[in-house]
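Here's the structure, in structure tokens; my notes come after.
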2 protein chains.
Amino acid sequence: MLSTPPPNPTRRDRPTVVIVGAGFAGVEAAKRLRRSDADVVILDRSNHHLFQPLLYQVATAVLTPADIAFPIRRIFRHQKNVTVFRSEVRTIDRERSVVRHADGTETPFDYLVLAAGAGQSYFGHAEWEANAPGMKTLEDAARIRGRILQAFEDAEAENDLDALRAHLTFVIVGAGPTGVELSGAIKELAVDSMDPDMRRVDAERARVVLVEGLDRVLPAMSEASSANAEQALRRLGVEVRTKTRVTEVDSHGVTIQVDGRLERIESHTVLWAAGVEASPLARSLGAPLDRAGRVLVGPDLSVVAADGAESKGTNMFVAGDLANVTCPGQEGPVPGVCPAAIQMGRFVGDLIAETIRTGRRPTRSFVYWDKGSLATIGRARAVADIFGGHYRGLVAWLLWCFVHVLFLIGFRNRLFVMLSWAASYILFSKGARLILGDPQSRVVKRAGSHGPRQEPMRADESR
Amino acid sequence: MLSTPPPNPTRRDRPTVVIVGAGFAGVEAAKRLRRSDADVVILDRSNHHLFQPLLYQVATAVLTPADIAFPIRRIFRHQKNVTVFRSEVRTIDRERSVVRHADGTETPFDYLVLAAGAGQSYFGHAEWEANAPGMKTLEDAARIRGRILQAFEDAEAENDLDALRAHLTFVIVGAGPTGVELSGAIKELAVDSMDPDMRRVDAERARVVLVEGLDRVLPAMSEASSANAEQALRRLGVEVRTKTRVTEVDSHGVTIQVDGRLERIESHTVLWAAGVEASPLARSLGAPLDRAGRVLVGPDLSVVAADGAESKGTNMFVAGDLANVTCPGQEGPVPGVCPAAIQMGRFVGDLIAETIRTGRRPTRSFVYWDKGSLATIGRARAVADIFGGHYRGLVAWLLWCFVHVLFLIGFRNRLFVMLSWAASYILFSKGARLILGDPQSRVVKRAGSHGPRQEPMRADESR
């Protein structure tokens with residue numbers, strides 16, 4: 001409404017800490033400033049904090065969006081030094097120490113925590129996004145859920161065998177945790193939920209293809225867990241294609257390259273779970289970036305000074321997926337996973353709190369504590385690498401459930417997620433099979449249950 | 001995918017019953033054909049059956065969309081003579097006995113049940129819809145939820161007092177059950193959920209105005225219940241304006257007319273809950289319609305023959321909100337409420353089943369059994385007219401809860417709705433405060449909790 005900034009309503013004898021992004025890193029940093037004599041301003045594009053690790057369950061109709069999202073203001077209801085604004089931040093003006101919003105207005109800061117996370121990377125093929133959507137926000141997940149469910153709708157109404165096959169073929173690109181979890185969950189959705197409700201097609205024969213460029217699934221985990229996960233996926237009926245690159249994506253499917261040979265997969269549902277690209281906000285910092293666009297920060301996660309001198313550190317910090325930092329004695333940069341974001345957020349929050357309290361900036365280096373990693377492959381199957389040990393099956397799956405429910409914010413969310421899992425895994429009932437949006441009917445609608453039933457996909461065709 | 005109809009896959013020795021619309025009437029009609037030797041084809045724009053009476057709770061963040069929607073196929077999982085297609089029906093070709101879809105394809109029928117319901121009527125002011133959305137689908141409700149919550153976001157970031165007041169003013173047009181329930185729920189959302197989370201504005205002083213053209217709220221209920229409901233609304237803090245007509249709606253608010261005087265209410269959130277208009281599908285039937293576009297059906301709910309002769313009845317029936325029928329001995333046409341739709345659906349389903357079974361069409365008239373009506377006004381307040389008695393307060397509210405949970409389809413939905421109500425009404429915590437979509441930030445974002453706090457809306461200004 002206002003085109004010019006109003007007079008500053010804050011008392012300037014207290015420093016202002018601006019946190020951009022209310023993901024794991026941003027929320028944790030704000031919490032650590034709880035007792036700090038500072039105004040904390042949280043800026044986020046959404047009004048909710050999102051529990052990203054369970055996003056794939058929204059896409060596969062196990063959970064509803066409200067189960068894995070929590071209003072940011074609600075998190076800080078009792079932390080009175082926090083003010084939350086819903087806003088899209090466009091640039092950071094380092095010279096003037098202000099954050100510039102999409103509407104042209106500005107917010108000044110004394111300290112900045114940039115925790116804006118990462119989006120999907122298409123490795124230079126941005127045009128693939130329309131036909132192979134990625135999954136970073138709740139809106140993405142709800143849209144993907146609609147696409148997956150609509151594919152079954154289209155299949156049920158289809159009379160052409162080739163088109164039917166394409167409707168019931170799902171291609172997932174990238175076999176990291178998201179790709180593995182998504183492909184397992186789609187196959188289970190087809191077999192357990194859709195198949196009993198369909199009259200004209202055998203939905204259980206849906207073909208789910210998981211494509212990975214490297215030589216194994218879950219390449220960030222141990223080789224033992226990769227092997228276990230691949231075996232579990234195959235047993236579930238997922239077609240695992242490692243050492244396979246995608247060379248083309250269009251509205252009718254994908255072209256993949258295996259050992260130099262090109263192969264075409266006709267599919268109306270291609271989902272992208274490969275590669276992340278840092279928020280474009282990082283570029284406005286004027287700091288060195290890595291190839292994925294992440295900020296190469298100093299050992300205390302601060303943005304290095306414009307002249308390259310790291311010694312003192314600036315008043316700007318980067319935490320979470322947007323930061324590229326290599327800890328002393330550790331191999332490679334800290335991975336873009338949820339525990340790392342939490343640890344970085346806490347580290348930065350503590351550092352700023354101490355600086356404000358003591359009046360001098362402590363010298364400290366961030367050290368990532370790798371507690372291990374987990375991935376799930378459908379009902380009662382998972383793999384875990386913890387403290388050098390490799391676990392699989394029910395034990396790993398229960399551990400996965402426990403860890404994920406534990407970190408969900410809010411009593412209500414925990415309760416509802418557990419109940420949804422119980423309904424989904426025990427009663428085989430998906431609670432959130434909603435397609436929102438307009439119908440796109442394609443073919444003739446006829447009762448088919450008693451006619452000369454058309455030949456559905458046969459098992460040998462779907463392998 | 002196919003541009004020409006494929007060969008008919010159904011055996012034509014069994015009749016096909018096509019049901020358009022899977023609302024209460026359509027679902028009940030299909031269930032009554034359970035044991036019938038017929039192919040039942042259900043066509044709906046959505047993949048889900050919607051429990052419309054609770055739509056306002058999705059709009060006010062008490063329930064999530066999945067709580068009040070249930071996949072249509074899932075309802076008929078075990079009724080094998082039902083095939084469901086997601087499709088938008090465009091016209092009924094009465095001459096050829098086929099239903100024509102939006103994609104140009106067709107479905108032939110032996111019997112038709114048209115149960116496509118009603119949309120919002122703007123009484124000739126279709127241009128008001130953009131600024132005063134109505135609430136008929138889940139998409140509508142989710143969009144309205146986003147608008148209501150975004151109004152609080154905008155208020156929190158606003159520095160101009162007039163604009164702030166407009167952000168925190170909500171106008172609901174029409175004081176039927178939906179308008180009454182919506183206005184009470186918005187006021188409660190502001191007071192219980194938003195106010196404790198806001199730093200710069202007193203959200204509890206949000207102004208909620210309920211506008212009604214007639215002389216009382218809930219005009220379809222008893223005068224005693226109207227008076228009780230109005231009193232409860234006022235006590236909650238809702239501004240009730242009866243005998244008041246809306247003469248203009250634009251993006252900045254509404255103009256209302258009271259006793260010939262015009263009055264302007266500045267508001268960024270105007271919601272429409274007045275008047276329904278029958279589905280445009282009715283027009284293609286070539287049958288007589290009433291002013292609201294509903295089909296004037298015969299006493300057995302069948303579409304009257306083209307020559308006006310009702311004696312024999314056609315093979316086409318209308319059920320639910322789309323039908324205009326006056327029962328013998330009853331005053332005025334059957335109202336467009338959920339129990340009426342259920343009763344009509346069952347009546348038509350039974351009639352078709354008997355016709356198919358016996359080979360001759362029975363002569364029977366639909367009789368509406370009015371079991372009474374209920375409306376709720378926020379937590380633990382409701383009014384009920386049942387068998388001549390008028391009830392209010394906690395008793396009426398518990399009855400309302402019981403009836404609504406009872407009629408929800410699916411065990412999971414019932415459980416989750418009850419838990420959500422418990423969370424919302426006991427813990428004062430709304431579980432679904434999600435805004436989906438892009439942010440539209442408007443003003444400068446600054447920490448405001450410790451600055452010279454700007455004057456929020458004062459109590460006397462908001463009355």
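Within each chain, counting starts at residue 1; across the structure tokens, chains are named A, B, ... in the order shown, with ligands numbered 1 upward in that order.
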
Would you kindly return, as number ranges by chain, each protein, DNA or RNA residue with an atom no farther than 7 Å from any atom of stretch 119-122 of chain A, considering only C-alpha atoms and excluding same-chain residues fewer than 4 positions away?
A: 126, 134, 136, 275-279

Within 9 Å of A:Leu398, counting only C-alpha atoms, which residues show up once you throw out same-chain ones fewer than 3 positions away? Write them as an NGL selection string, please.
:A and (380-382 or 393-395 or 401-403)

Selected residues written out, C-alpha atoms, as a PDB file, in the first residue's frame:
```pdb
ATOM      1  CA  ALA A 380       7.902 -51.250   6.907  1.00  0.00           C
ATOM      2  CA  ARG A 381      11.045 -51.067   4.766  1.00  0.00           C
ATOM      3  CA  ALA A 382      13.915 -48.651   5.252  1.00  0.00           C
ATOM      4  CA  GLY A 393      13.933 -53.666   7.278  1.00  0.00           C
ATOM      5  CA  LEU A 394      11.485 -53.092  10.081  1.00  0.00           C
ATOM      6  CA  VAL A 395      14.056 -51.861  12.628  1.00  0.00           C
ATOM      7  CA  CYS A 401       9.201 -43.155  11.816  1.00  0.00           C
ATOM      8  CA  PHE A 402      10.426 -42.215  15.279  1.00  0.00           C
ATOM      9  CA  VAL A 403      12.968 -39.662  14.060  1.00  0.00           C
TER      10      VAL A 403
END
```

Hey, what's within 12 Å of B:Gln150 if we count only C-alpha atoms and toss same-chain stuff fewer than 2 positions away? As a JSON list (two decimals) with C-alpha atoms, in the first residue's frame, please?
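Contents of result-v7.json, freshly written:
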```json
[["chain", "number", "residue", "atom", "x", "y", "z"],
["A", 45, "ARG", "CA", 7.64, -16.45, 1.22],
["A", 46, "SER", "CA", 5.20, -18.76, 2.98],
["A", 47, "ASN", "CA", 3.26, -18.35, 6.19],
["A", 85, "PHE", "CA", 6.39, -11.15, 7.89],
["A", 86, "ARG", "CA", 5.29, -13.00, 4.79],
["A", 87, "SER", "CA", 7.39, -11.55, 2.02],
["B", 143, "ARG", "CA", -8.70, -20.02, -1.82],
["B", 144, "ILE", "CA", -10.94, -18.24, 0.71],
["B", 145, "ARG", "CA", -8.81, -19.61, 3.54],
["B", 146, "GLY", "CA", -5.76, -18.10, 1.83],
["B", 147, "ARG", "CA", -7.53, -14.74, 1.46],
["B", 148, "ILE", "CA", -8.64, -14.60, 5.08],
["B", 152, "PHE", "CA", -4.02, -10.81, 8.70],
["B", 153, "GLU", "CA", -0.54, -10.98, 7.11],
["B", 154, "ASP", "CA", -1.20, -7.72, 5.29],
["B", 155, "ALA", "CA", -2.51, -6.11, 8.47],
["B", 156, "GLU", "CA", 0.62, -7.09, 10.40],
["B", 157, "ALA", "CA", 2.83, -5.46, 7.77],
["B", 167, "HIS", "CA", -7.35, -5.45, 6.01],
["B", 168, "LEU", "CA", -9.04, -6.37, 9.27],
["B", 194, "MET", "CA", -4.47, -14.96, 15.09],
["B", 268, "HIS", "CA", -10.23, -6.38, 1.41],
["B", 269, "THR", "CA", -12.10, -9.59, 2.19],
["B", 433, "ARG", "CA", -3.60, -22.20, 8.84],
["B", 434, "LEU", "CA", -1.98, -22.59, 5.44],
["B", 435, "ILE", "CA", -1.74, -20.02, 2.72],
["B", 436, "LEU", "CA", -0.84, -21.74, -0.54],
["B", 437, "GLY", "CA", 0.25, -19.60, -3.46],
["B", 438, "ASP", "CA", 2.58, -16.68, -4.00],
["B", 439, "PRO", "CA", 3.17, -13.96, -1.46],
["B", 440, "GLN", "CA", 1.97, -10.48, -2.27],
["B", 441, "SER", "CA", 3.90, -8.38, 0.15],
["B", 442, "ARG", "CA", 2.69, -4.85, 0.35]]
```

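Closest to B:Lys80 among B:Asp250, B:Glu106, B:Asp44, B:Asp37 is B:Asp37, based on only C-alpha atoms.
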
Using Å and a single decimal, report how far atom CA of A:Gly213 sits from atom CA of A:Gly174.
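Atom-to-atom, atom CA of A:Gly174 to atom CA of A:Gly213, that is 7.4 Å.
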
DSSP on the backbone, then: every residue of stretch 235-322 of chain A marked helix (DSSP H, G or I), written as an MDAnalysis selection string.
chainID A and resid 235:236 280:285 320:322

Please run DSSP on the backbone and report, as an NGL selection string, all residues within stretch 237-398 of chain B that come out as strand (DSSP E or B).
:B and (238-241 or 244-250 or 253-258 or 261-266 or 269-272 or 276-278 or 289 or 295-296 or 302 or 316-318 or 323-324 or 373-376 or 382-386 or 389-392)

So what do you get for atom CA of B:Arg235 versus atom CA of B:Ile377, distance-wise?
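Separation between atom CA of B:Arg235 and atom CA of B:Ile377: 10.5 Å.
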